[in-house]
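Student: Input structure: my_file-v6.cif, which contains mmCIF, C-alpha atoms and all ligand atoms.
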data_run
#
loop_
_atom_site.label_atom_id
_atom_site.label_comp_id
_atom_site.auth_asym_id
_atom_site.auth_seq_id
_atom_site.Cartn_x
_atom_site.Cartn_y
_atom_site.Cartn_z
CA MET A 1 -17.07 22.67 -12.25
CA GLY A 2 -20.22 20.56 -11.84
CA VAL A 3 -19.90 17.15 -10.29
CA SER A 4 -21.06 15.30 -13.40
CA LEU A 5 -18.62 17.12 -15.69
CA LYS A 6 -15.80 16.41 -13.25
CA TRP A 7 -16.75 12.73 -13.23
CA PHE A 8 -16.88 12.69 -16.99
CA LEU A 9 -13.35 14.13 -17.21
CA ILE A 10 -12.02 11.70 -14.62
CA MET A 11 -13.54 8.78 -16.51
CA MET A 12 -11.87 10.11 -19.64
CA ILE A 13 -8.53 10.01 -17.79
CA CYS A 14 -9.23 6.42 -16.81
CA SER A 15 -10.23 5.23 -20.25
CA GLN A 16 -7.18 6.90 -21.82
CA LEU A 17 -4.89 5.04 -19.47
CA TYR A 18 -7.12 2.02 -19.61
CA GLY A 19 -5.24 -1.23 -19.33
CA SER A 20 -2.54 -0.34 -16.85
CA LEU A 21 -3.86 2.49 -14.67
CA CYS A 22 -7.31 3.37 -13.44
CA GLN A 23 -8.17 6.58 -11.63
CA ALA A 24 -11.54 6.98 -9.94
CA ASN A 25 -10.77 10.21 -8.11
CA LEU A 26 -7.95 12.72 -8.03
CA PHE A 27 -6.30 11.35 -4.89
CA ARG A 28 -6.23 7.61 -5.51
CA ARG A 29 -5.07 5.63 -8.49
CA TYR A 30 -4.91 1.91 -9.24
CA LYS A 31 -2.20 0.08 -11.15
CA LEU A 32 -2.49 -3.18 -13.03
CA LEU A 33 -1.05 -6.09 -11.05
CA TYR A 34 -2.30 -9.09 -13.09
CA ASN A 35 -3.65 -8.96 -16.61
CA GLY A 36 -5.53 -12.24 -16.54
CA GLY A 37 -4.45 -15.75 -15.64
CA GLN A 38 -3.63 -15.01 -12.00
CA LYS A 39 -5.45 -13.58 -8.99
CA VAL A 40 -4.92 -12.84 -5.30
CA ILE A 41 -6.76 -15.36 -3.14
CA ALA A 42 -8.73 -13.31 -0.58
CA SER A 43 -12.12 -12.33 0.78
CA TYR A 44 -13.92 -10.10 -1.76
CA THR A 45 -17.35 -8.54 -2.20
CA SER A 46 -18.79 -8.83 -5.71
CA TYR A 47 -20.66 -6.16 -7.65
CA GLU A 48 -22.03 -5.82 -11.14
CA ALA A 49 -20.02 -2.90 -12.47
CA TYR A 50 -20.24 -1.58 -16.00
CA SER A 51 -16.65 -0.37 -16.04
CA SER A 52 -13.32 -0.74 -14.32
CA VAL A 53 -13.52 2.86 -13.09
CA SER A 54 -16.87 2.26 -11.40
CA CYS A 55 -15.27 -0.74 -9.68
CA ALA A 56 -12.39 1.53 -8.57
CA ALA A 57 -14.97 4.00 -7.19
CA ILE A 58 -16.62 1.21 -5.15
CA CYS A 59 -13.19 0.15 -3.82
CA ASN A 60 -12.42 3.79 -2.88
CA GLY A 61 -15.48 3.81 -0.64
CA LYS A 62 -14.48 0.76 1.41
CA SER A 63 -11.87 0.90 4.13
CA GLY A 64 -9.38 -1.94 3.66
CA CYS A 65 -9.96 -2.09 -0.09
CA TRP A 66 -6.52 -1.64 -1.64
CA LEU A 67 -7.13 -4.03 -4.53
CA TYR A 68 -9.93 -5.05 -6.84
CA THR A 69 -10.54 -7.34 -9.79
CA TRP A 70 -12.61 -6.53 -12.84
CA ASN A 71 -13.61 -9.06 -15.45
CA THR A 72 -13.61 -7.53 -18.93
CA ALA A 73 -16.05 -10.21 -20.19
CA SER A 74 -18.62 -10.57 -17.39
CA LYS A 75 -18.12 -6.98 -16.03
CA ILE A 76 -18.10 -8.51 -12.52
CA CYS A 77 -16.20 -6.38 -10.02
CA GLN A 78 -14.70 -7.90 -6.87
CA VAL A 79 -13.40 -5.53 -4.20
CA LEU A 80 -11.03 -6.74 -1.50
CA ASN A 81 -12.45 -6.88 2.04
CA PHE A 82 -9.20 -7.41 3.96
CA LEU A 83 -6.19 -9.71 4.22
CA THR A 84 -5.14 -11.68 7.30
CA ALA A 85 -2.20 -13.64 5.86
CA ALA A 86 0.57 -13.29 3.32
CA ILE A 87 -0.82 -13.23 -0.21
CA THR A 88 -1.11 -16.42 -2.19
CA THR A 89 -2.22 -16.43 -5.80
CA GLY A 90 -4.43 -18.74 -7.81
CA VAL A 91 -5.56 -19.26 -11.38
CA ALA A 92 -7.90 -16.63 -12.86
CA PRO A 93 -9.67 -16.39 -16.21
CA PRO A 94 -7.71 -14.56 -18.95
CA THR A 95 -10.32 -11.76 -18.84
CA MET A 96 -9.83 -10.98 -15.11
CA ARG A 97 -7.71 -7.94 -14.33
CA THR A 98 -6.34 -7.15 -10.87
CA TYR A 99 -5.50 -3.60 -9.81
CA TYR A 100 -3.91 -2.31 -6.58
CA VAL A 101 -3.70 1.22 -5.18
CA ASP A 102 -0.44 2.90 -6.23
CA VAL A 103 -1.39 6.56 -5.55
CA ILE A 104 -2.74 7.54 -2.12
CA ASN A 105 -3.72 11.13 -1.30
CA GLY A 106 -2.06 12.17 -4.55
CA LYS A 107 1.28 10.52 -3.59
CA LYS A 108 2.77 7.67 -5.58
CA ILE A 109 3.76 4.66 -3.48
CA VAL A 110 7.08 3.24 -4.70
CA LYS A 111 9.76 0.77 -3.64
CA THR A 112 13.23 2.25 -3.15
CA PRO A 113 15.78 1.27 -5.81
CA ILE A 114 18.22 0.21 -3.08
CA SER A 115 18.13 -1.83 0.10
CA SER A 116 19.80 -0.15 3.07
CA THR A 117 19.43 0.83 6.73
CA TRP A 118 16.29 2.72 7.79
CA THR A 119 18.10 6.07 8.11
CA GLN A 120 19.66 5.65 4.64
CA ILE A 121 16.27 4.73 3.20
CA ASN A 122 14.76 7.77 4.96
CA ASP A 123 17.33 9.87 3.04
CA THR A 124 16.67 7.96 -0.19
CA CYS A 125 12.95 8.81 -0.04
CA ALA A 126 13.81 12.47 0.67
CA ASN A 127 16.23 12.50 -2.29
CA MET A 128 13.42 11.11 -4.46
CA GLY A 129 11.31 14.10 -3.43
CA GLY A 130 9.16 12.35 -0.88
CA ARG A 131 9.30 10.54 2.42
CA LEU A 132 8.83 7.09 3.91
CA HIS A 133 5.24 5.86 3.67
CA LEU A 134 3.27 4.54 6.66
CA PRO A 135 0.56 2.09 5.56
CA VAL A 136 -2.84 2.79 7.11
CA ASP A 137 -3.57 -0.86 7.85
CA ASN A 138 -2.14 -4.39 7.85
CA THR A 139 -3.93 -5.28 4.61
CA PHE A 140 -1.90 -2.67 2.74
CA CYS A 141 1.30 -4.04 4.35
CA TYR A 142 0.46 -7.51 3.01
CA ILE A 143 -0.08 -5.98 -0.44
CA LEU A 144 3.21 -4.06 -0.33
CA ASN A 145 5.11 -7.15 0.85
CA HIS A 146 3.62 -9.04 -2.12
CA VAL A 147 3.77 -6.39 -4.87
CA PHE A 148 7.30 -5.24 -3.95
CA GLY A 149 8.48 -8.84 -3.54
CA ALA A 150 9.94 -8.40 -0.05
CA ILE A 151 8.79 -10.01 3.19
CA GLU A 152 10.09 -6.95 5.11
CA LEU A 153 10.10 -3.28 4.05
CA HIS A 154 11.15 -0.08 5.85
CA ILE A 155 8.15 2.20 6.51
CA GLY A 156 7.56 5.62 8.10
CA LEU A 157 7.65 4.46 11.72
CA TRP A 158 10.34 5.28 14.30
CA ARG A 159 11.06 5.92 17.98
CA TYR A 160 13.61 7.68 20.15
CA PRO A 161 16.34 5.37 21.52
CA SER A 162 15.45 6.40 25.08
CA ASP A 163 11.78 5.29 24.95
CA ILE A 164 10.83 1.78 23.86
CA THR A 165 7.10 2.34 24.16
CA VAL A 166 6.35 5.49 22.13
CA TRP A 167 6.37 5.29 18.31
CA TYR A 168 6.04 8.14 15.82
CA ASN A 169 4.90 8.55 12.23
CA MET A 170 6.63 10.88 9.75
CA ASP A 171 4.59 13.83 11.04
CA GLY A 172 6.05 13.20 14.50
CA LEU A 173 2.64 12.07 15.77
CA THR A 174 1.84 8.95 17.75
CA THR A 175 -1.47 8.17 16.04
CA PHE A 176 -1.70 5.18 13.68
CA PRO A 177 -5.11 4.63 12.08
CA ARG A 178 -5.37 0.81 11.93
CA LEU A 179 -1.86 -0.59 11.49
CA THR A 180 -1.04 -3.03 14.28
CA TRP A 181 2.17 -4.77 15.33
CA GLY A 182 2.75 -8.34 14.21
CA PRO A 183 2.65 -11.02 16.94
CA GLY A 184 5.45 -10.52 19.49
CA TYR A 185 6.51 -7.05 18.22
CA PRO A 186 7.93 -4.62 19.08
CA ASN A 187 10.53 -6.62 21.01
CA ASN A 188 13.70 -4.47 20.70
CA ALA A 189 15.47 -7.81 20.19
CA ASP A 190 19.05 -6.54 19.98
CA GLY A 191 18.55 -3.33 21.96
CA VAL A 192 18.78 -0.96 18.96
CA GLN A 193 15.48 -1.55 17.15
CA TYR A 194 14.49 2.08 16.72
CA TYR A 195 12.70 1.75 13.37
CA GLY A 196 9.58 0.21 11.90
CA THR A 197 8.92 -2.15 9.01
CA CYS A 198 6.07 -4.00 7.34
CA TYR A 199 7.04 -7.58 8.12
CA ASN A 200 4.73 -10.20 6.68
CA GLY A 201 1.76 -7.84 6.88
CA GLY A 202 2.30 -6.45 10.39
CA GLY A 203 4.44 -3.83 12.05
CA GLU A 204 7.85 -4.96 13.29
CA ASP A 205 10.70 -3.11 14.97
CA ILE A 206 14.03 -3.37 13.21
CA SER A 207 17.66 -2.76 14.14
CA ILE A 208 19.47 0.40 13.04
CA TYR A 209 21.95 -1.89 11.22
CA TYR A 210 19.61 -3.98 9.03
CA SER A 211 19.30 -3.34 5.30
CA ARG A 212 15.86 -3.56 3.69
CA TYR A 213 14.08 -1.98 0.74
CA GLY A 214 11.74 0.84 1.72
CA VAL A 215 8.32 2.20 0.78
CA CYS A 216 8.34 5.88 -0.23
CA GLU A 217 5.45 8.23 -1.00
CA ILE A 218 6.49 10.79 -3.60
C1 LIG B 1 14.21 11.47 8.07
O1 LIG B 1 14.81 12.38 7.14
C2 LIG B 1 14.42 13.74 7.33
C3 LIG B 1 15.01 14.60 6.24
O2 LIG B 1 15.59 13.94 5.21
C4 LIG B 1 14.91 14.20 8.67
O3 LIG B 1 14.51 15.55 8.89
C5 LIG B 1 14.30 13.32 9.75
O4 LIG B 1 14.81 13.66 11.02
C6 LIG B 1 14.59 11.85 9.49
N1 LIG B 1 13.81 11.07 10.43
C7 LIG B 1 14.36 10.28 11.34
C8 LIG B 1 13.42 9.65 12.31
O5 LIG B 1 15.55 10.07 11.41
#
Could you render the structure from this file as structure tokens?
Ligand SMILES: *[C@@H]1O[C@H](CO)[C@@H](O)[C@H](O)[C@H]1NC(C)=O
Tutor:
Amino acid sequence: MGVSLKWFLIMMICSQLYGSLCQANLFRRYKLLYNGGQKVIASYTSYEAYSSVSCAAICNGKSGCWLYTWNTASKICQVLNFLTAAITTGVAPPTMRTYYVDVINGKKIVKTPISSTWTQINDTCANMGGRLHLPVDNTFCYILNHVFGAIELHIGLWRYPSDITVWYNMDGLTTFPRLTWGPGYPNNADGVQYYGTCYNGGGEDISIYYSRYGVCEI
């Protein structure tokens, strides 16, 4: 299939779902967060974009862009640069839509229906047909903390009890693209903090006993 035909079909997908979902390629999708009236206060870069899907395509090309706004009246597109603090919201025009990434690499990012210990949440994600998600960077942690309405969320990060220093992702690898620990973490505070969370935008180690909601990719 030629590139232009593929693009045409993808834009068809976007316009059909227009309003709540926007898909600019097959591996990433955006979901409506605010339909006017409210916006995330953050550092953005502005573009003139003729459609929401072209704004999504610009966001796709920028590392750290997990959210964008598109104004249905002015056609102005604002793509997120990064976040360095918990999200606060402000007033936006009724024509400004805000979308965040809810499908990454073809996997839907969802909050678990229950709050439980990390190992239980690990099972919950498996029972939902997926696994715990590990956010690529702190900006996406801030977004998850905000969108899922929880200051702390279980994520795909763990270690062996015997080694405090080495942490693993769900592939059993020790490489983490850009996610960094929050200030003072990991601290193994009560001696059994074998698991990882997104806590207020940064990584934190959490006790085997603490219940939290989790982030699954399915
Ligand atoms: C998470 O669950 C999977 C299967 O459900 C299991 O194989 C894996 O060992 C668990 N991970 C950890 C770190 O407990």
Student: Could you list, as a ChimeraX atom specification, all the residues within 10 Å of ligand LIG 1 (chain B), counting all atoms listed in the file?
Tutor: /A:118-127,129-132,156-160,168-172,194-195
Student: For a quick check of understanding, using all atoms listed in the file, which of A:Gly196, A:Gly64, A:Pro183, A:Pro161 has the smallest distance to Tyr100 (chain A)?
Tutor: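 Checking each of A:Gly196, A:Gly64, A:Pro183, A:Pro161 against Tyr100 (chain A), counting all atoms listed in the file, the winner is A:Gly64.
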Student: Quick one: pull the distance between CA of Lys107 (chain A) and CA of Gly203 (chain A), Å, one decimal.
Tutor: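 For CA of Lys107 (chain A) relative to CA of Gly203 (chain A), the distance reads 21.5 Å.
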Student: Please identify all polymer residues within 12 Å of Gly149 (chain A), counting only C-alpha atoms, omitting same-chain residues fewer than 4 positions from it, and present them as a tab-separated table (two decimals) with C-alpha atoms, in the coordinates of the input.
Tutor:
chain	number	residue	atom	x	y	z
A	86	ALA	CA	0.57	-13.29	3.32
A	87	ILE	CA	-0.82	-13.23	-0.21
A	111	LYS	CA	9.76	0.77	-3.64
A	141	CYS	CA	1.30	-4.04	4.35
A	142	TYR	CA	0.46	-7.51	3.01
A	143	ILE	CA	-0.08	-5.98	-0.44
A	144	LEU	CA	3.21	-4.06	-0.33
A	145	ASN	CA	5.11	-7.15	0.85
A	153	LEU	CA	10.10	-3.28	4.05
A	199	TYR	CA	7.04	-7.58	8.12
A	200	ASN	CA	4.73	-10.20	6.68
A	212	ARG	CA	15.86	-3.56	3.69
A	213	TYR	CA	14.08	-1.98	0.74
A	214	GLY	CA	11.74	0.84	1.72
A	215	VAL	CA	8.32	2.20	0.78
Student: Please determine, counting only C-alpha atoms, which residue among A:Asn60, A:Thr174, A:Ser46, A:Ser211 has the shortest atom-to-atom distance to Val101 (chain A).
Tutor: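 The shortest atom-to-atom distance to Val101 (chain A) comes from A:Asn60.
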Student: Of the candidates A:Leu80, A:Ile58, A:Met128, A:Leu134, which one gets nearest to Ile114 (chain A) if we count all atoms listed in the file?
Tutor: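 Closest candidate: A:Met128.
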Student: One decimal, Å: what's the distance from CA of Arg178 (chain A) over to CA of Cys198 (chain A), could you say?
Tutor: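 Calculated distance between CA of Arg178 (chain A) and CA of Cys198 (chain A) is 13.2 Å.
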Student: Can you list, as a list of chain:residue names, every protein, DNA or RNA residue that comes within 12 Å of Cys65 (chain A) when you count all atoms listed in the file, leaving out same-chain residues fewer than 4 positions away?
Tutor: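 Residues meeting the cut-off are A:Arg28, A:Tyr30, A:Ala42, A:Ser43, A:Tyr44, A:Thr45, A:Cys55, A:Ala56, A:Ala57, A:Ile58, A:Cys59, A:Asn60, A:Gly61, A:Thr69, A:Gln78, A:Val79, A:Leu80, A:Asn81, A:Phe82, A:Leu83, A:Tyr99, A:Tyr100, A:Val101, A:Val136, A:Asp137, A:Asn138, A:Thr139, A:Phe140, A:Ile143.
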Student: Give me, please, the distance in Å between CA of Leu173 (chain A) and CA of Ile218 (chain A), quoted to one decimal.
Tutor: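 So the answer is 19.8 Å.
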Student: Using all atoms listed in the file, pick whichever of A:Gly182, A:Pro135, A:Gly202, A:Gly37 has the shortest atom-to-atom distance to Asp102 (chain A).
Tutor: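 Closest candidate: A:Pro135.
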